[in-house]
Structures are given as C-alpha cells and as structure tokens.
Amino acid sequence: MTSEKNEIRSKTAELRDEIVALDAELAEDFRAQFSVAPFLSRKIVSFQGNKGKPAYSWYKYKEAFSAGLVEYFLGNYVGQMSGKVLDPFAGIGTTLFAASSQGIPADGIELLPVGQEIIRARLLSERELTSNDIATLERWIEFLPWKKFAERVPFSTIRITENAYPPDTIESIERYRGALQQENEKIQTVLRLALLCILENVSYTRKDGQYLRWDDRSGRRRAGTKAFDKGEILAFDTAITAKLREILSDIRDVQMPVTLFPAKQALEDIRLFEGSCLEVLPTLETSTYGAVMTSPPYCNRYDYTRTYALELAMLELTHAEVSHLRQEMLSCTVENREKDLLKICPQWMPFIQVANQQKLLAAINTYLQHEKDSGTLNNNGIPRMVRGYFSEMACVIGECARVLKPNAYLFMVNDNVRYAGVSISVDMILSDIAQSLGFEIEKILVVPGKKGNSSQQMGTYGRVPLRKCVYVWRKR
Ligand SMILES: C[S@@+](CC[C@H](N)C(=O)[O-])C[C@H]1O[C@@H](n2cnc3c(N)ncnc32)[C@H](O)[C@@H]1O
C-alpha cells in the first residue's frame with residue numbers, strides 16, 4: 001500500500017474517532033432529555049396509524065404520520081393553548097385536520113402539489129358538498145358514466161412516468177377525465193381526488209422510498225436489474241368505484257352535524273400556504289402560533305418528486321417543473337444544489353452561523369468531504385446534501401422560534417441517518433441548533449425498536465441501529 005493511501009486511511013480513522021467522541025459528548029449533554037417512549041409505536045409515528053381512519057386513509061402518503069400522534073401531543077402537552085397550530089411541512093395535512101377536529105385552528109405549508117391537492121380536496125369534500133353533490137357521486141359509482149363517454153381527455157407523461165399503465169387503463173383514465181368535465185367544480189375535485197388516490201394501484205409501479213419500482217410488465221426493466229412483480233394490478237373500474245365508495249362513506253360520517261352527535265367537535269379553520277416553507281415562513285407574523293407539529297423530509301435521499309411522479313404528471317406538471325420542484329424541496333437528495341439562503345432571507349445569517357458552528361455537524365461535514373476527496377463515497381452529492389439539510393433546517397427552526405408564542409411547544413418527528421459508515425445524530429444536532437435558536441429541549445423521545453439502515457450500508461458496514469425520535473422543544 002502506498003504511503004498516500006495510508007495517510008488517507010489514518011485521516012479517515014482520525015475523523016471518525018472525532019465524530020464518535022463529539023457524539024458521545026452531546027449524548028451526555030442531552031442524557032436527561034432522552035427517553036424511550038413505549039407509547040410511541042412505529043405505527044403511530046407513521047402512516048400505518050391512519051389505516052382505516054376515515055378520510056386520513058384516502059391517499060396513501062407513506063411519509064405521513066398518524067392523526068393519533070398529533071392528537072396525543074396536542075392533547076397531552078398543549079392542553080388549553082391559545083393560537084393556531086403550524087405545520088411547515090404539511091404533507092397531506094395530518095396535523096391540520098387532526099388539530100382542526102380537536103377545535104384548534106391550523107396553518108400548513110406544503111410545496112408538493114400532490115399534498116396540496118389532497119388537502120384542498122379533503123377540505124372541500126368534508127365541508128362544502130351538498131346532498132345533491134353526494135347524490136351525483138353516488139350515480140357515478142352506480143352507472144360508471146365514463147365507460148360510455150366518447151371524449152377522451154389525454155393526460156401528460158413525463159420521462160419518468162412513461163409506460164406506467166396498461167393500455168386499457170390509459171383509455172379508462174382518459175374517458176373518466178372526459179366525463180368528469182360535465183360536472184360542477186366541486187364534484188370534479190372529488191373525482192380527481194379519487195383518481196389521484198388509485199394511480200399507484202392501477203399502474204405498473206410501486207412507491208419505494210427513494211424511487212419508483214417498475215413491474216416487469218411495464219417493459220421498463222433495465223439490463224442488469226432484478227425482476228420485480230408487484231402482484232395484482234387493479235382494473236381501473238374496480239379501483240375507482242371502491243375509492244369513490246370509501247370517500248363517500250367517510251364524507252357522510254364527517255358531515256354528521258355536531259348537534260346530532262355532541263361528542264363531535266366543531267371543525268376549526270384550516271389554511272394552506274402553497275409553496276416552500278423557506279419562502280413562506282419569513283412572511284408569517286412573529287409570536288402568533290400556539291404550537292408547531294411537524295415532520296420534515298428526513299436526510300435520507302428520498303426523492304418525493306420521483307416517488308410521486310405519476311401523481312405530478314396527472315396534475316399536469318411538466319418535466320421542467322418537476323426538476324424545478326426537486327430543487328425547491330428541502331435538501332434531502334444527492335441532486336439538490338446549494339440554495340442561496342441569504343437571498344431568500346437576508347436576516348438568516350445568525351441561523352446559518354449556528355449550523356456552521358455546531359461541532360458535531362462540522363466534524364461530519366469535514367469527514368464526508370474527506371471521503372469524497374479520497375473517492376470512497378458511493379455518491380459525491382452526499383456532503384452537499386448533508387450540509388444543505390442542516391443549514392436549511394436551522395433556518396426553519398429559527399423561523400419557528402420567531403413565529404411561536406413564548407412557552408409554546410414544537411414537536412418534530414425525524415430519523416437519524418448514516419453515510420459512509422458514520423451515524424449522523426440528526427436528533428442531537430437539530431436539538432443543539434434549536435437550543436441556540438431560542439428553544440428549551442424538554443425531551444427527545446425515542447421510538448422503541450430501532451430501525452436498521454439501507455441494504456447497501458448494511459453490506460459494507462454491518463447493521464447499526466438508527467434512532468427515530470419525536471423532539472419536544474419549548475420556546476424560551
Ligand atoms: C415527512 S413529510 C410530512 C408528512 C406530514 N406530516 C403528513 O402527515 O402528511 C415532509 C413533507 O415536506 C414537504 N416539503 C419538502 N420540502 C418542503 C419545503 N421546502 N417547503 C414545504 N414543504 C416541503 C414534502 O413535500 C413532504 O410532504
């Protein structure tokens with residue numbers, strides 16, 4: 001082995017040792033705040049907890065948390081709070097709907113048009129449909145009007161969604177899109193919602209974290225990749241009528257008047273900001289919110305714009321628009337370029353400095369850069385992604401501190417990650433940053449049953465448990 005290689009190796013070992021030491025130091029600082037929380041099952045912190053729950057389970061958003069989680073934290077920590085709840089990464093609106101049904105008004109910010117559309121359509125379905133509208137939707141389920149409808153309204157595909165459906169499914173979708181244009185705006189919204197909710201089931205694809213997996217029947221198998229059979233691909237008519245039936249049944253349930261069922265709470269206001277929270281947060285008023293309940297994208301390379309590409313194409317986004325969206329998302333993929341945060345908000349310098357000065361993060365950044373320079377990273381975008389993730393999150397945390405009322409809580413669900421053989425304690429790094437930006441770290445609640453890591457990482461470095469936590473911070 002050359003001396004140059006020896007030098008690189010010993011530098012790698014030295015940087016890793018430094019990370020381990022700083023991690024242990026921070027763990028000692030937060031020892032009193034850490035606890036394993038048996039009530040936080042994997043189910044409640046994930047979409048699984050919404051299974052069968054009216055309206056929450058219409059669209060399977062794998063990145064969602066459960067309504068039960070929101071109810072737990074708002075109920076147990078916040079009590080009689082004043083002011084609205086805010087979720088800067090609203091997804092399909094779990095926080096917003098769960099808060100609203102507990103009598104708490106809520107604001108959400110969401111960038112992905114899929115989440116925006118689901119929130120808008122759910123609000124309309126639950127609050128604005130008349131009995132005539134419901135009767136019309138019942139006729140759609142009974143008579144399948146698209147089957148005889150002559151005019152087909154084609155939908156766009158982008159490169160990553162080509163050949164996603166069997167030919168007869170494409171025809172049915174196009175007739176369905178044609179027929180729905182005969183209805184009023186409200187009914188169109190519900191019919192489009194149902195369509196979005198079934199796209200994966202009637203397609204050759206399966207959402208799989210970082211990307212879409214393609215069933216061999218699509219003809220898109222790349223040379224050298226493993227065969228994949230997703231199982232039954234539902235026929236369009238079966239899938240859409242089942243979804244419409246589910247939606248209608250849930251709407252009837254939600255629309256039962258409060259006077260008939262006194263245990264039901266009146267629904268409070270929900271407001272949705274469509275755009276990036278990096279742009280929207282600076283426009284919100286200081287000290288106005290009673291709580292923040294959120295789950296940002298994890299720093300795990302999952303690309304929402306790829307996973308949800310079928311839905312984005314159905315919502316008429318072009319290839320260029322999807323690429324632009326990918327760059328606007330919080331940096332969590334290797335494709336994200338560095339954002340000019342000071343251009344978004346010149347007042348963020350102190351937030352960025354806090355991230356830059358976080359010692360463990362600085363050691364991790366140095367290590368990842370060293371690994372990149374020595375050619376051992378499996379993707380050279382990793383250092384930039386990690387740096388970007390924490391700088392952007394520091395700005396989000398700083399803004400949350402600003403918009404929260406004094407003593408108000410922030411709850412955040414997030415996962416630790418691992419790159420190049422090093423565990424990144426996202427929980428402690430973000431908590432340390434939050435502490436410098438005006439929060440008291442009350443608890444870091446660890447979800448029992450530690451998660452492993454990607455098969456790639458396991459092969460190279462062995463299985464190392466990664467924490468999934470709910471952070472409980474309180475504005476000082
Ligand atoms: C973990 S998911 C949150 C899911 C949500 N808790 C729910 O139950 O539906 C993170 C969300 O952040 C959104 N997101 C990513 N970057 C964003 C940004 N810059 N501004 C606003 N939302 C963003 C993603 O589209 C995704 O919906």
# chains A, B, ... in the order shown; residues from 1 in each chain; ligands from 1
>>> closest_atom_pairs(of="chain A", to="ligand 1", cutoff="6 Å", atoms="only C-alpha atoms and all ligand atoms", output="tab-separated table")
residue	atom	partner	partner_atom_place_in_ligand_line	distance
A:Glu63	CA	ligand 1	1 (C)	4.7
A:Ala64	CA	ligand 1	8 (O)	3.3
A:Phe65	CA	ligand 1	8 (O)	4.3
A:Pro88	CA	ligand 1	21 (C)	5.9
A:Phe89	CA	ligand 1	12 (O)	4.0
A:Ala90	CA	ligand 1	5 (C)	4.9
A:Gly91	CA	ligand 1	27 (O)	3.4
A:Ile92	CA	ligand 1	9 (O)	3.9
A:Gly93	CA	ligand 1	9 (O)	5.1
A:Thr94	CA	ligand 1	8 (O)	4.3
A:Ile109	CA	ligand 1	21 (C)	5.4
A:Glu110	CA	ligand 1	22 (N)	4.0
A:Leu111	CA	ligand 1	22 (N)	4.3
A:Leu112	CA	ligand 1	25 (O)	4.4
A:Ser276	CA	ligand 1	20 (N)	3.4
A:Cys277	CA	ligand 1	20 (N)	3.9
A:Leu278	CA	ligand 1	19 (N)	5.7
A:Thr294	CA	ligand 1	6 (N)	5.7
A:Ser295	CA	ligand 1	1 (C)	4.8
A:Pro296	CA	ligand 1	10 (C)	4.4
A:Pro297	CA	ligand 1	10 (C)	4.3
A:Glu328	CA	ligand 1	19 (N)	5.8
A:Met329	CA	ligand 1	16 (N)	3.6
A:Leu330	CA	ligand 1	16 (N)	4.0
>>> select_by_dssp(residues="stretch 123-370 of chain A", states="alpha helix (DSSP H)", output="JSON, numbers by chain")
{"A": [123, 124, 125, 126, 127, 131, 132, 133, 134, 135, 136, 137, 138, 139, 140, 141, 142, 143, 167, 168, 169, 170, 171, 172, 173, 174, 175, 176, 177, 178, 179, 180, 185, 186, 187, 188, 189, 190, 191, 192, 193, 194, 195, 196, 197, 198, 236, 237, 238, 239, 240, 241, 242, 243, 244, 245, 246, 247, 248, 249, 250, 251, 252, 253, 254, 255, 277, 278, 279, 280, 304, 305, 306, 307, 309, 310, 311, 312, 313, 314, 319, 320, 321, 322, 323, 324, 325, 326, 327, 328, 341, 342, 343, 344, 349, 350, 351, 352, 353, 354, 355, 356, 357, 359, 360, 361, 362, 363, 364, 365, 366, 367, 368, 369, 370]}
>>> select_by_dssp(residues="stretch 222-292 of chain A", states="strand (DSSP E or B)", output="list in words")
Ile270, Arg271, Leu272, Phe273, Glu274, Tyr289, Gly290, Ala291 and Val292 of chain A
>>> residues_around(residues="stretch 371-384 of chain A", least_positions_apart="3", cutoff="7 Å", atoms="only C-alpha atoms", output="number ranges by chain")
A: 334-335, 365, 367-368, 387-388, 420
>>> residues_around(residues="A:Ser125", least_positions_apart="6", cutoff="10 Å", atoms="only C-alpha atoms", output="ChimeraX atom specification")
/A:55,119,133-134,186-187,189-190,193,247-248,250-252,254-255
>>> residues_around(residues="A:Glu18", least_positions_apart="4", cutoff="12 Å", atoms="only C-alpha atoms", output="PDB file with C-alpha atoms, in the first residue's frame")
ATOM      1  CA  LYS A  11      -7.058  10.560   8.425  1.00  0.00           C
ATOM      2  CA  THR A  12     -10.376   8.704   7.916  1.00  0.00           C
ATOM      3  CA  ALA A  13      -9.911   6.882  11.217  1.00  0.00           C
ATOM      4  CA  GLU A  14      -8.987  10.098  12.993  1.00  0.00           C
ATOM      5  CA  LEU A  22     -18.304  14.555  19.841  1.00  0.00           C
ATOM      6  CA  ASP A  23     -21.407  12.386  19.523  1.00  0.00           C
ATOM      7  CA  ALA A  24     -20.768  10.884  22.964  1.00  0.00           C
ATOM      8  CA  GLU A  25     -20.223  14.370  24.418  1.00  0.00           C
ATOM      9  CA  LYS A 359     -19.285  20.993  16.416  1.00  0.00           C
ATOM     10  CA  LEU A 360     -20.551  17.503  15.661  1.00  0.00           C
ATOM     11  CA  LEU A 361     -22.025  18.664  12.362  1.00  0.00           C
ATOM     12  CA  ALA A 362     -18.767  20.400  11.424  1.00  0.00           C
ATOM     13  CA  ALA A 363     -16.845  17.170  12.104  1.00  0.00           C
ATOM     14  CA  ILE A 364     -19.327  15.173   9.994  1.00  0.00           C
ATOM     15  CA  ASN A 365     -19.074  17.691   7.153  1.00  0.00           C
ATOM     16  CA  THR A 366     -15.265  17.522   7.238  1.00  0.00           C
ATOM     17  CA  TYR A 367     -15.363  13.727   7.252  1.00  0.00           C
ATOM     18  CA  VAL A 422     -20.919   7.125  10.199  1.00  0.00           C
TER      19      VAL A 422
END
>>> closest_residue(among="A:Asp427, A:Glu138, A:Glu440, A:Glu274", to="A:Ala242", atoms="only C-alpha atoms")
A:Glu138
>>> decode(residues="stretch 176-191 of chain A", atoms="all heavy atoms", output="short mmCIF file (atom, residue, chain, number, x, y, z; two decimals), in the first residue's frame")
data_model
loop_
_atom_site.label_atom_id
_atom_site.label_comp_id
_atom_site.auth_asym_id
_atom_site.auth_seq_id
_atom_site.Cartn_x
_atom_site.Cartn_y
_atom_site.Cartn_z
N TYR A 176 -62.60 8.85 -18.21
CA TYR A 176 -63.00 9.35 -16.88
C TYR A 176 -62.74 10.86 -16.81
O TYR A 176 -63.58 11.63 -16.36
CB TYR A 176 -62.20 8.58 -15.84
CG TYR A 176 -62.45 8.92 -14.38
CD1 TYR A 176 -63.44 8.28 -13.65
CD2 TYR A 176 -61.66 9.86 -13.71
CE1 TYR A 176 -63.64 8.56 -12.30
CE2 TYR A 176 -61.85 10.14 -12.37
CZ TYR A 176 -62.85 9.48 -11.66
OH TYR A 176 -63.03 9.76 -10.32
N ARG A 177 -61.56 11.25 -17.30
CA ARG A 177 -61.22 12.69 -17.29
C ARG A 177 -62.15 13.48 -18.21
O ARG A 177 -62.46 14.64 -17.95
CB ARG A 177 -59.75 12.89 -17.71
CG ARG A 177 -58.76 12.59 -16.59
CD ARG A 177 -57.34 12.39 -17.10
NE ARG A 177 -56.83 13.47 -17.90
CZ ARG A 177 -56.16 14.53 -17.43
NH1 ARG A 177 -55.92 14.62 -16.14
NH2 ARG A 177 -55.73 15.48 -18.25
N GLY A 178 -62.59 12.84 -19.29
CA GLY A 178 -63.54 13.49 -20.19
C GLY A 178 -64.89 13.64 -19.52
O GLY A 178 -65.46 14.74 -19.47
N ALA A 179 -65.39 12.55 -18.95
CA ALA A 179 -66.73 12.55 -18.37
C ALA A 179 -66.83 13.50 -17.18
O ALA A 179 -67.85 14.17 -17.00
CB ALA A 179 -67.10 11.13 -17.95
N LEU A 180 -65.77 13.61 -16.40
CA LEU A 180 -65.89 14.44 -15.19
C LEU A 180 -66.05 15.93 -15.51
O LEU A 180 -66.54 16.70 -14.71
CB LEU A 180 -64.76 14.16 -14.20
CG LEU A 180 -63.30 14.53 -14.47
CD1 LEU A 180 -63.03 16.01 -14.26
CD2 LEU A 180 -62.40 13.75 -13.52
N GLN A 181 -65.63 16.28 -16.74
CA GLN A 181 -65.76 17.70 -17.11
C GLN A 181 -67.21 18.16 -17.23
O GLN A 181 -67.49 19.35 -17.31
CB GLN A 181 -65.02 17.96 -18.42
CG GLN A 181 -63.52 17.85 -18.24
CD GLN A 181 -62.74 18.26 -19.46
OE1 GLN A 181 -63.27 18.32 -20.56
NE2 GLN A 181 -61.46 18.52 -19.29
N GLN A 182 -68.12 17.20 -17.27
CA GLN A 182 -69.55 17.53 -17.37
C GLN A 182 -70.12 17.98 -16.01
O GLN A 182 -71.23 18.46 -15.93
CB GLN A 182 -70.37 16.30 -17.81
CG GLN A 182 -69.84 15.59 -19.04
CD GLN A 182 -69.92 16.49 -20.25
OE1 GLN A 182 -70.98 16.96 -20.59
NE2 GLN A 182 -68.77 16.73 -20.88
N GLU A 183 -69.34 17.77 -14.96
CA GLU A 183 -69.87 18.01 -13.61
C GLU A 183 -69.45 19.38 -13.07
O GLU A 183 -68.56 20.01 -13.64
CB GLU A 183 -69.36 16.91 -12.66
CG GLU A 183 -69.71 15.50 -13.09
CD GLU A 183 -71.20 15.20 -13.04
OE1 GLU A 183 -71.97 16.05 -12.55
OE2 GLU A 183 -71.60 14.13 -13.52
N ASN A 184 -70.05 19.78 -11.95
CA ASN A 184 -69.64 21.08 -11.38
C ASN A 184 -68.24 20.97 -10.74
O ASN A 184 -67.72 19.86 -10.55
CB ASN A 184 -70.70 21.61 -10.39
CG ASN A 184 -70.74 20.83 -9.07
OD1 ASN A 184 -69.72 20.32 -8.60
ND2 ASN A 184 -71.90 20.72 -8.46
N GLU A 185 -67.66 22.12 -10.43
CA GLU A 185 -66.27 22.17 -9.94
C GLU A 185 -66.04 21.28 -8.71
O GLU A 185 -65.03 20.61 -8.59
CB GLU A 185 -65.91 23.61 -9.56
CG GLU A 185 -65.40 24.46 -10.71
CD GLU A 185 -64.09 23.94 -11.29
OE1 GLU A 185 -63.25 23.45 -10.52
OE2 GLU A 185 -63.93 24.00 -12.53
N LYS A 186 -67.02 21.31 -7.79
CA LYS A 186 -66.84 20.56 -6.54
C LYS A 186 -66.77 19.06 -6.82
O LYS A 186 -65.92 18.34 -6.28
CB LYS A 186 -68.00 20.86 -5.58
CG LYS A 186 -67.90 22.22 -4.93
CD LYS A 186 -68.93 22.41 -3.86
CE LYS A 186 -70.29 22.66 -4.48
NZ LYS A 186 -71.37 22.75 -3.49
N ILE A 187 -67.68 18.61 -7.69
CA ILE A 187 -67.69 17.17 -7.98
C ILE A 187 -66.42 16.79 -8.74
O ILE A 187 -65.82 15.74 -8.48
CB ILE A 187 -68.96 16.80 -8.77
CG1 ILE A 187 -70.14 16.98 -7.81
CG2 ILE A 187 -68.92 15.38 -9.31
CD1 ILE A 187 -71.47 16.75 -8.39
N GLN A 188 -66.00 17.67 -9.63
CA GLN A 188 -64.74 17.40 -10.36
C GLN A 188 -63.59 17.21 -9.37
O GLN A 188 -62.74 16.33 -9.54
CB GLN A 188 -64.41 18.58 -11.28
CG GLN A 188 -65.28 18.64 -12.51
CD GLN A 188 -64.70 19.59 -13.56
OE1 GLN A 188 -63.50 19.80 -13.64
NE2 GLN A 188 -65.58 20.15 -14.38
N THR A 189 -63.57 18.06 -8.34
CA THR A 189 -62.47 17.96 -7.36
C THR A 189 -62.47 16.60 -6.68
O THR A 189 -61.42 15.97 -6.52
CB THR A 189 -62.62 19.08 -6.30
OG1 THR A 189 -62.64 20.33 -6.97
CG2 THR A 189 -61.48 19.07 -5.30
N VAL A 190 -63.66 16.11 -6.30
CA VAL A 190 -63.71 14.81 -5.62
C VAL A 190 -63.34 13.69 -6.61
O VAL A 190 -62.60 12.75 -6.25
CB VAL A 190 -65.13 14.55 -5.04
CG1 VAL A 190 -65.18 13.21 -4.34
CG2 VAL A 190 -65.51 15.67 -4.09
N LEU A 191 -63.79 13.80 -7.84
CA LEU A 191 -63.48 12.75 -8.83
C LEU A 191 -61.97 12.73 -9.11
O LEU A 191 -61.37 11.66 -9.26
CB LEU A 191 -64.28 12.97 -10.11
CG LEU A 191 -65.80 12.78 -9.97
CD1 LEU A 191 -66.53 13.22 -11.23
CD2 LEU A 191 -66.15 11.31 -9.65
#
